[in-house]
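> Quick one: the structure is below, questions incoming.
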Amino acid sequence: MLYFSHPSSLEHDPRQGLPGHPEQPERLRAIEAALGERGWLGWERREAPAASEEELLLVHPRSHVERIRSLCRSGGGPIDADTFAGERSYEAALHAAGGACAMTRALLAGEAEVGFCALRPPGHHAEPERAMGFCLFDSVAVAAALAIAELGLERVFILDWDVHHGNGTAEIFRRRDDVLFASIHQGGIFPGTGAREDTGSGRGEGCTINLPVPAGSDEELWASLLADMVIPAAEEFEPQLVLISAGFDAHRDDPLAECRLEASSFGRLASIAKEAANRWQAPVGAVLEGGYDVSALAASTVATMAALGD
Ligand SMILES: [Zn+2]
């Protein structure tokens, strides 16, 4: 079990430009305090390296990488009403993507069966050419693309259980048949994409699964959608690697959405995914996305890591 983190994650703070922003360094401090009290659940801790430019260019055009870099080098500023990049944010985003890549390399080298990246900013809303929804680079997408382009895999399954639709990841892979992207998310909230009818396009038709759920949805619905809809489709896809966009904002205490999962619910989702991955002999790597009530976030992360490491 490998846990990736980096000090730069704590230096990215959207509150510098957008006061009261919920995506704060305290999120990681809460996670690490909870893990520290529990002996890190026996996980080995590793420092996340910076992603190389080649890695970022697997999913983002050079113009986007340059734009974020120069914005940060010139002191930073808001990108839209809820996305901010400060002076240190480029560095943080490089390590967030680099951690996902390092985790993927380690998993595929057989160094561990499971991994968790506790890094910021999150990534799944970042489109190829647009930072949005608190995200600058799409870390999980960079890792999935790396696994295929450089590490020899043919099929990667990305499970996105953040309460918001992972529009960036969906867009990046929507025309590809080598990445199965499945998202369970609350319908009708940010970013507004992720309709059930959207199943991908071209060669990628059928390789996108969107399962919007209504406000108030609880563990039973989320777990049954995962077990009865997503896992059977993934079973047919025969993934060689499972990556999880692990957001914890479907928790009942989260201020940004209205679902009703408990911390233990995420442990259940992780167990369902891990059990399936065991059958497929595929390693599982989770990448932190959202989760904005810090104590709910910490407890949910602990439950997820405990289930993955079980
Ligand atoms: Zn989210």
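Residues in the structure tokens are numbered from 1 in each chain, the chains being A, B, ... in the order shown, and ligands are numbered from 1 in the order shown.
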What residues have any atom no more than 8 Å from ligand 1 when counting only C-alpha atoms and all ligand atoms, and can you list them as a list of chain:residue names?

A:Asp162, A:Val163, A:His164, A:His165, A:Gly247, A:Phe248, A:Asp249, A:Ala250, A:Leu256, A:Glu289, A:Gly290, A:Gly291

> Could you name the residues that touch region 20-26 of chain A at 9 Å or less, counting only C-alpha atoms, but leaving out those on the same chain fewer than 6 positions away, as a count of residues only?

18

> May I ask which of the residues A:Arg196, A:Arg252, A:Arg130, A:Arg279 is the closest one to Ser63 (chain A), counting only C-alpha atoms?

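Of A:Arg196, A:Arg252, A:Arg130, A:Arg279, the one nearest Ser63 (chain A) is A:Arg130, counting only C-alpha atoms.
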
> For Glu205 (chain A), please output as a list of chain:residue names all residues within 9 Å (counting only C-alpha atoms; exclusion window: fewer than 6 positions along the same chain).

A:Arg174, A:Arg175, A:Arg176, A:Asp177, A:Asp198, A:Thr199

> Could you tell me, as a PyMOL selection string, which residues of region 130-226 of chain A DSSP assigns to helix (DSSP H, G or I) when given the backbone?

chain A and resi 139-149+167-173+202-204+219-226

> Using only C-alpha atoms, which of A:Val65, A:Ala257, A:Leu94, A:Met1 sits nearest Ala131 (chain A)?

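Distance minimum relative to Ala131 (chain A) lands on A:Val65.
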
> Just the residues within 6 Å of Ala286 (chain A), please, counting only C-alpha atoms, with nothing from its chain fewer than 5 positions along; format it as a list in words.

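My list of contacting residues is Phe116, Leu243, Ile244 and Ala246 of chain A.
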
> Which residues are near region 139-147 of chain A? Cut-off 6 Å, only C-alpha atoms, ignore same chain within fewer than 3 positions. Put them as a PyMOL selection string.

chain A and resi 97+100-101+123+150-151+153+169

> Go through A:Glu87, A:Glu258, A:Asp160, A:Glu127 and flag the residue nearest Gly187 (chain A), using only C-alpha atoms for the distances.

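Once distances to Gly187 (chain A) are computed over only C-alpha atoms, the minimum belongs to A:Glu258.
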
> If we count only C-alpha atoms and set the cut-off at 10 Å, which residues sit around Arg46 (chain A), ignoring sequence neighbours fewer than 2 positions away in its own chain? Please answer as a list in words.

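Residues near the query, excluding close chain neighbours: Leu2, Tyr3, Phe4, Ser5, His6, Trp43, Glu44, Ala48, Pro49, Gly99, Ala102, Met103 and Cys117 of chain A.
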
> Would you put the residues from that selection into a file with N, CA, C and O atoms, as a PDB file, in the first residue's frame?


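Writing done, so here's selection-v1.pdb:
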```pdb
ATOM      1  N   LEU A   2       0.709   2.070  -1.006  1.00  0.00           N
ATOM      2  CA  LEU A   2       1.559   3.257  -1.163  1.00  0.00           C
ATOM      3  C   LEU A   2       0.742   4.545  -1.092  1.00  0.00           C
ATOM      4  O   LEU A   2      -0.253   4.700  -1.799  1.00  0.00           O
ATOM      5  N   TYR A   3       1.203   5.470  -0.264  1.00  0.00           N
ATOM      6  CA  TYR A   3       0.530   6.757  -0.072  1.00  0.00           C
ATOM      7  C   TYR A   3       1.454   7.862  -0.564  1.00  0.00           C
ATOM      8  O   TYR A   3       2.613   7.930  -0.152  1.00  0.00           O
ATOM      9  N   PHE A   4       0.938   8.693  -1.472  1.00  0.00           N
ATOM     10  CA  PHE A   4       1.760   9.764  -2.048  1.00  0.00           C
ATOM     11  C   PHE A   4       1.292  11.136  -1.579  1.00  0.00           C
ATOM     12  O   PHE A   4       0.093  11.430  -1.604  1.00  0.00           O
ATOM     13  N   SER A   5       2.259  11.956  -1.174  1.00  0.00           N
ATOM     14  CA  SER A   5       1.942  13.329  -0.784  1.00  0.00           C
ATOM     15  C   SER A   5       3.134  14.212  -1.129  1.00  0.00           C
ATOM     16  O   SER A   5       4.204  13.717  -1.513  1.00  0.00           O
ATOM     17  N   HIS A   6       2.937  15.536  -1.005  1.00  0.00           N
ATOM     18  CA  HIS A   6       4.040  16.464  -1.259  1.00  0.00           C
ATOM     19  C   HIS A   6       3.752  17.792  -0.573  1.00  0.00           C
ATOM     20  O   HIS A   6       2.606  18.251  -0.586  1.00  0.00           O
ATOM     21  N   TRP A  43       0.395   1.961   5.745  1.00  0.00           N
ATOM     22  CA  TRP A  43       0.769   2.294   4.369  1.00  0.00           C
ATOM     23  C   TRP A  43       2.168   2.900   4.328  1.00  0.00           C
ATOM     24  O   TRP A  43       2.562   3.628   5.234  1.00  0.00           O
ATOM     25  N   GLU A  44       2.903   2.596   3.271  1.00  0.00           N
ATOM     26  CA  GLU A  44       4.218   3.220   3.045  1.00  0.00           C
ATOM     27  C   GLU A  44       4.012   4.594   2.425  1.00  0.00           C
ATOM     28  O   GLU A  44       3.243   4.745   1.473  1.00  0.00           O
ATOM     29  N   ALA A  48       5.580  12.601  -3.693  1.00  0.00           N
ATOM     30  CA  ALA A  48       5.148  12.667  -5.096  1.00  0.00           C
ATOM     31  C   ALA A  48       6.142  13.509  -5.894  1.00  0.00           C
ATOM     32  O   ALA A  48       6.409  14.651  -5.536  1.00  0.00           O
ATOM     33  N   PRO A  49       6.682  12.970  -6.983  1.00  0.00           N
ATOM     34  CA  PRO A  49       7.557  13.786  -7.840  1.00  0.00           C
ATOM     35  C   PRO A  49       6.713  14.746  -8.679  1.00  0.00           C
ATOM     36  O   PRO A  49       5.499  14.593  -8.768  1.00  0.00           O
ATOM     37  N   GLY A  99       2.343  12.717  -8.776  1.00  0.00           N
ATOM     38  CA  GLY A  99       2.057  11.666  -7.793  1.00  0.00           C
ATOM     39  C   GLY A  99       1.204  10.572  -8.413  1.00  0.00           C
ATOM     40  O   GLY A  99       1.460   9.375  -8.218  1.00  0.00           O
ATOM     41  N   ALA A 102       3.499   8.602 -10.616  1.00  0.00           N
ATOM     42  CA  ALA A 102       4.430   7.757  -9.848  1.00  0.00           C
ATOM     43  C   ALA A 102       3.691   6.574  -9.231  1.00  0.00           C
ATOM     44  O   ALA A 102       4.209   5.441  -9.201  1.00  0.00           O
ATOM     45  N   MET A 103       2.493   6.834  -8.744  1.00  0.00           N
ATOM     46  CA  MET A 103       1.684   5.751  -8.172  1.00  0.00           C
ATOM     47  C   MET A 103       1.403   4.695  -9.239  1.00  0.00           C
ATOM     48  O   MET A 103       1.545   3.487  -8.991  1.00  0.00           O
ATOM     49  N   CYS A 117      -3.267   8.823  -3.611  1.00  0.00           N
ATOM     50  CA  CYS A 117      -2.595  10.114  -3.764  1.00  0.00           C
ATOM     51  C   CYS A 117      -3.378  11.183  -3.025  1.00  0.00           C
ATOM     52  O   CYS A 117      -4.492  11.540  -3.430  1.00  0.00           O
TER      53      CYS A 117
END
```

> Could you give me, as a ChimeraX atom specification, each residue of region 26-86 of chain A that DSSP assigns to strand (DSSP E) when run on this structure's backbone?

/A:44-47,76-80,83-86

> Here is a test: counting only C-alpha atoms, which residue of A:Gly192, A:Gly152, A:Gly200, A:Trp40 is nearest to Arg105 (chain A)?

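Under the stated criterion, the closest residue is A:Gly152.
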
> May I ask which of the residues A:Met132, A:Glu54, A:Ile148, A:Ser8 is the closest one to Ala93 (chain A), counting only C-alpha atoms?

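Closest residue, counting only C-alpha atoms: A:Ser8.
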
> Between A:Gly86, A:Thr301, A:Ala282, A:Cys259, which one has atoms that come closest to Glu113 (chain A), using only C-alpha atoms?

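Looking at the shortest contact to Glu113 (chain A), the residue is A:Ala282.
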
> Applying 8 Å and only C-alpha atoms, which residues near Phe173 (chain A) remain after dropping the ones on its own chain fewer than 5 positions away? List them as a PDB file with N, CA and C atoms, in the first residue's frame.


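Wrote selection20.pdb, looks like this:
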```pdb
ATOM      1  N   VAL A 179      -9.964   3.515 -22.541  1.00  0.00           N
ATOM      2  CA  VAL A 179     -10.237   3.957 -21.173  1.00  0.00           C
ATOM      3  C   VAL A 179     -11.740   3.896 -20.943  1.00  0.00           C
ATOM      4  N   PHE A 181     -14.581   5.070 -18.627  1.00  0.00           N
ATOM      5  CA  PHE A 181     -14.802   6.090 -17.606  1.00  0.00           C
ATOM      6  C   PHE A 181     -16.221   5.944 -17.067  1.00  0.00           C
ATOM      7  N   GLY A 204     -15.127   5.636 -28.991  1.00  0.00           N
ATOM      8  CA  GLY A 204     -15.353   5.578 -27.546  1.00  0.00           C
ATOM      9  C   GLY A 204     -16.796   5.354 -27.149  1.00  0.00           C
TER      10      GLY A 204
END
```

> When you draw a straight line from CA of Leu226 (chain A) to CA of Leu269 (chain A), how long is it in Å?

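CA of Leu226 (chain A) sits 7.4 Å away from CA of Leu269 (chain A).
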